[in-house]
>>> print(open('protein.cif').read())   # mmCIF, C-alpha atoms, pLDDT in the B column; chains and numbers go by the auth columns
data_run
loop_
_atom_site.group_PDB
_atom_site.id
_atom_site.type_symbol
_atom_site.label_atom_id
_atom_site.label_comp_id
_atom_site.label_asym_id
_atom_site.label_seq_id
_atom_site.Cartn_x
_atom_site.Cartn_y
_atom_site.Cartn_z
_atom_site.B_iso_or_equiv
_atom_site.auth_seq_id
_atom_site.auth_asym_id
ATOM 1 C CA MET A 1 0.000 0.000 0.000 35.00 1 A
ATOM 2 C CA VAL A 2 2.804 2.437 0.895 35.00 2 A
ATOM 3 C CA GLU A 3 4.668 1.372 -2.247 41.00 3 A
ATOM 4 C CA GLN A 4 1.605 2.081 -4.366 41.00 4 A
ATOM 5 C CA ALA A 5 1.240 5.548 -2.792 36.00 5 A
ATOM 6 C CA CYS A 6 4.907 6.272 -3.533 37.00 6 A
ATOM 7 C CA ASN A 7 4.496 5.187 -7.143 46.00 7 A
ATOM 8 C CA GLU A 8 1.445 7.410 -7.505 47.00 8 A
ATOM 9 C CA ARG A 9 3.532 10.334 -6.249 46.00 9 A
ATOM 10 C CA GLY A 10 6.163 9.624 -8.936 53.00 10 A
ATOM 11 C CA LEU A 11 8.968 8.437 -6.648 44.00 11 A
ATOM 12 C CA ASN A 12 11.734 6.234 -8.037 48.00 12 A
ATOM 13 C CA ALA A 13 12.570 2.829 -6.489 48.00 13 A
ATOM 14 C CA GLU A 14 15.106 4.174 -3.968 44.00 14 A
ATOM 15 C CA GLU A 15 12.850 7.036 -2.867 46.00 15 A
ATOM 16 C CA SER A 16 9.971 4.584 -2.609 45.00 16 A
ATOM 17 C CA GLN A 17 12.039 2.291 -0.376 43.00 17 A
ATOM 18 C CA MET A 18 13.071 5.213 1.841 44.00 18 A
ATOM 19 C CA GLU A 19 9.423 6.279 2.157 46.00 19 A
ATOM 20 C CA ASN A 20 8.475 2.708 3.032 46.00 20 A
ATOM 21 C CA SER A 21 11.205 2.613 5.730 43.00 21 A
ATOM 22 C CA ARG A 22 9.880 5.784 7.293 48.00 22 A
ATOM 23 C CA LYS A 23 6.328 4.433 7.249 49.00 23 A
ATOM 24 C CA CYS A 24 7.267 1.118 8.877 57.00 24 A
ATOM 25 C CA GLY A 25 9.474 2.860 11.461 82.00 25 A
ATOM 26 C CA LEU A 26 12.670 0.941 10.758 89.00 26 A
ATOM 27 C CA GLN A 27 15.797 2.671 12.061 92.00 27 A
ATOM 28 C CA LEU A 28 19.369 1.642 11.310 93.00 28 A
ATOM 29 C CA PHE A 29 22.365 1.859 13.653 94.00 29 A
ATOM 30 C CA VAL A 30 25.922 0.635 13.812 92.00 30 A
ATOM 31 C CA ASP A 31 27.291 -0.982 16.988 90.00 31 A
ATOM 32 C CA ARG A 32 30.946 0.050 16.896 87.00 32 A
ATOM 33 C CA ALA A 33 31.990 -2.352 19.678 86.00 33 A
ATOM 34 C CA ARG A 34 30.606 -5.368 17.784 84.00 34 A
ATOM 35 C CA ARG A 35 31.284 -3.901 14.339 88.00 35 A
ATOM 36 C CA GLN A 36 27.747 -4.875 13.395 90.00 36 A
ATOM 37 C CA TRP A 37 24.671 -3.331 11.754 92.00 37 A
ATOM 38 C CA ILE A 38 21.676 -3.088 14.112 93.00 38 A
ATOM 39 C CA ALA A 39 18.084 -2.294 13.132 93.00 39 A
ATOM 40 C CA ARG A 40 15.183 -1.229 15.366 93.00 40 A
ATOM 41 C CA ASP A 41 11.715 -2.050 14.109 92.00 41 A
ATOM 42 C CA ALA A 42 8.470 -0.151 14.676 91.00 42 A
ATOM 43 C CA GLN A 43 7.761 -2.237 17.797 92.00 43 A
ATOM 44 C CA GLY A 44 11.077 -1.159 19.363 91.00 44 A
ATOM 45 C CA ARG A 45 12.829 -4.525 18.993 94.00 45 A
ATOM 46 C CA TYR A 46 16.506 -4.576 18.042 94.00 46 A
ATOM 47 C CA TRP A 47 17.905 -6.891 15.370 94.00 47 A
ATOM 48 C CA MET A 48 21.504 -7.741 14.470 93.00 48 A
ATOM 49 C CA LEU A 49 21.894 -7.794 10.693 93.00 49 A
ATOM 50 C CA PRO A 50 24.424 -10.229 9.243 90.00 50 A
ATOM 51 C CA CYS A 51 26.482 -9.278 6.208 85.00 51 A
ATOM 52 C CA SER A 52 24.527 -11.158 3.575 84.00 52 A
ATOM 53 C CA ASP A 53 22.266 -10.586 0.607 83.00 53 A
ATOM 54 C CA ARG A 54 19.329 -11.474 2.851 87.00 54 A
ATOM 55 C CA ALA A 55 20.231 -9.395 5.917 88.00 55 A
ATOM 56 C CA TRP A 56 16.639 -8.683 6.960 89.00 56 A
ATOM 57 C CA GLU A 57 15.487 -12.281 6.481 91.00 57 A
ATOM 58 C CA ASP A 58 18.540 -13.597 8.415 92.00 58 A
ATOM 59 C CA ARG A 59 18.333 -11.053 11.257 94.00 59 A
ATOM 60 C CA ILE A 60 18.888 -12.090 14.876 94.00 60 A
ATOM 61 C CA GLU A 61 16.987 -10.437 17.715 94.00 61 A
ATOM 62 C CA VAL A 62 19.130 -8.840 20.442 92.00 62 A
ATOM 63 C CA ARG A 63 18.145 -7.310 23.755 88.00 63 A
ATOM 64 C CA GLN A 64 18.781 -3.624 24.217 81.00 64 A
ATOM 65 C CA ARG A 65 20.917 -4.232 27.310 81.00 65 A
ATOM 66 C CA GLU A 66 23.291 -6.335 25.155 79.00 66 A
ATOM 67 C CA LEU A 67 23.971 -3.350 22.903 79.00 67 A
ATOM 68 C CA THR A 68 26.775 -0.938 23.649 74.00 68 A
ATOM 69 C CA GLU A 69 27.507 2.091 21.514 84.00 69 A
ATOM 70 C CA LEU A 70 24.767 2.506 18.924 90.00 70 A
ATOM 71 C CA GLU A 71 25.260 5.272 16.406 93.00 71 A
ATOM 72 C CA PRO A 72 22.455 6.266 14.014 93.00 72 A
ATOM 73 C CA VAL A 73 23.162 5.632 10.350 90.00 73 A
ATOM 74 C CA PRO A 74 21.834 7.789 7.469 88.00 74 A
ATOM 75 C CA THR A 75 18.676 6.484 5.802 82.00 75 A
ATOM 76 C CA HIS A 76 20.304 5.802 2.428 81.00 76 A
ATOM 77 C CA TYR A 77 22.244 2.850 3.925 82.00 77 A
ATOM 78 C CA LYS A 78 18.953 0.930 4.209 82.00 78 A
ATOM 79 C CA ALA A 79 18.884 0.568 0.432 81.00 79 A
ATOM 80 C CA THR A 80 22.477 -0.697 0.483 79.00 80 A
ATOM 81 C CA LEU A 81 21.466 -3.412 2.956 77.00 81 A
ATOM 82 C CA CYS A 82 18.201 -4.182 1.096 76.00 82 A
ATOM 83 C CA LEU A 83 16.096 -3.405 4.154 80.00 83 A
ATOM 84 C CA PRO A 84 12.341 -2.860 4.027 74.00 84 A
#
>>> encode(input="protein.cif", output="structure tokens")
Amino acid sequence: MVEQACNERGLNAEESQMENSRKCGLQLFVDRARRQWIARDAQGRYWMLPCSDRAWEDRIEVRQRELTELEPVPTHYKATLCLP
């Protein structure tokens, strides 16, 4: 539904994906101590993202207390990692 709305507004694929990420509330971080990508979903759960072509499908849930130094990552990295 969000994708259809983006297409109706004339957004390209990358802009559509960024709009979809904002709508679903997905935020991307880097954990410098673990040298790992971390995502937080709309429900507030944290996920470790492996370096793979299917990072979102292969994600591993982590507890917030297990995380150390999370730094926000710019939105355009979501497209690089093929995140929703």
>>> resolve_selection(input="protein.cif", expression="the PyMOL selection byres ((chain A and resi 44) around 10)", output="number ranges by chain")
A: 25-27, 39-43, 45-47, 64
>>> resolve_selection(input="protein.cif", expression="the PyMOL selection byres ((chain A and resi 56-60) around 9)", output="PyMOL selection string")
chain A and resi 39+46-50+52-55+61-62+81-84
>>> write_last_selection(input="protein.cif", atoms="C-alpha atoms", output="compact mmCIF listing (two decimals), in the coordinates of the input")
# COMPACT_ATOMS: atom_id res chain seq x y z
CA ALA A 39 18.08 -2.29 13.13
CA TYR A 46 16.51 -4.58 18.04
CA TRP A 47 17.90 -6.89 15.37
CA MET A 48 21.50 -7.74 14.47
CA LEU A 49 21.89 -7.79 10.69
CA PRO A 50 24.42 -10.23 9.24
CA SER A 52 24.53 -11.16 3.58
CA ASP A 53 22.27 -10.59 0.61
CA ARG A 54 19.33 -11.47 2.85
CA ALA A 55 20.23 -9.40 5.92
CA GLU A 61 16.99 -10.44 17.72
CA VAL A 62 19.13 -8.84 20.44
CA LEU A 81 21.47 -3.41 2.96
CA CYS A 82 18.20 -4.18 1.10
CA LEU A 83 16.10 -3.40 4.15
CA PRO A 84 12.34 -2.86 4.03
>>> atom_distance(input="protein.cif", atom1="atom CA of A:Glu66", atom2="atom CA of A:Ala79")
26.0 Å
>>> atom_distance(input="protein.cif", atom1="atom CA of A:Arg34", atom2="atom CA of A:Arg65")
13.6 Å
>>> residues_around(input="protein.cif", residues="A:Phe29", least_positions_apart="6", cutoff="7 Å", atoms="all atoms listed in the file", output="list in words")
Trp37, Ile38, Ala39, Leu70, Glu71, Pro72 and Val73 of chain A
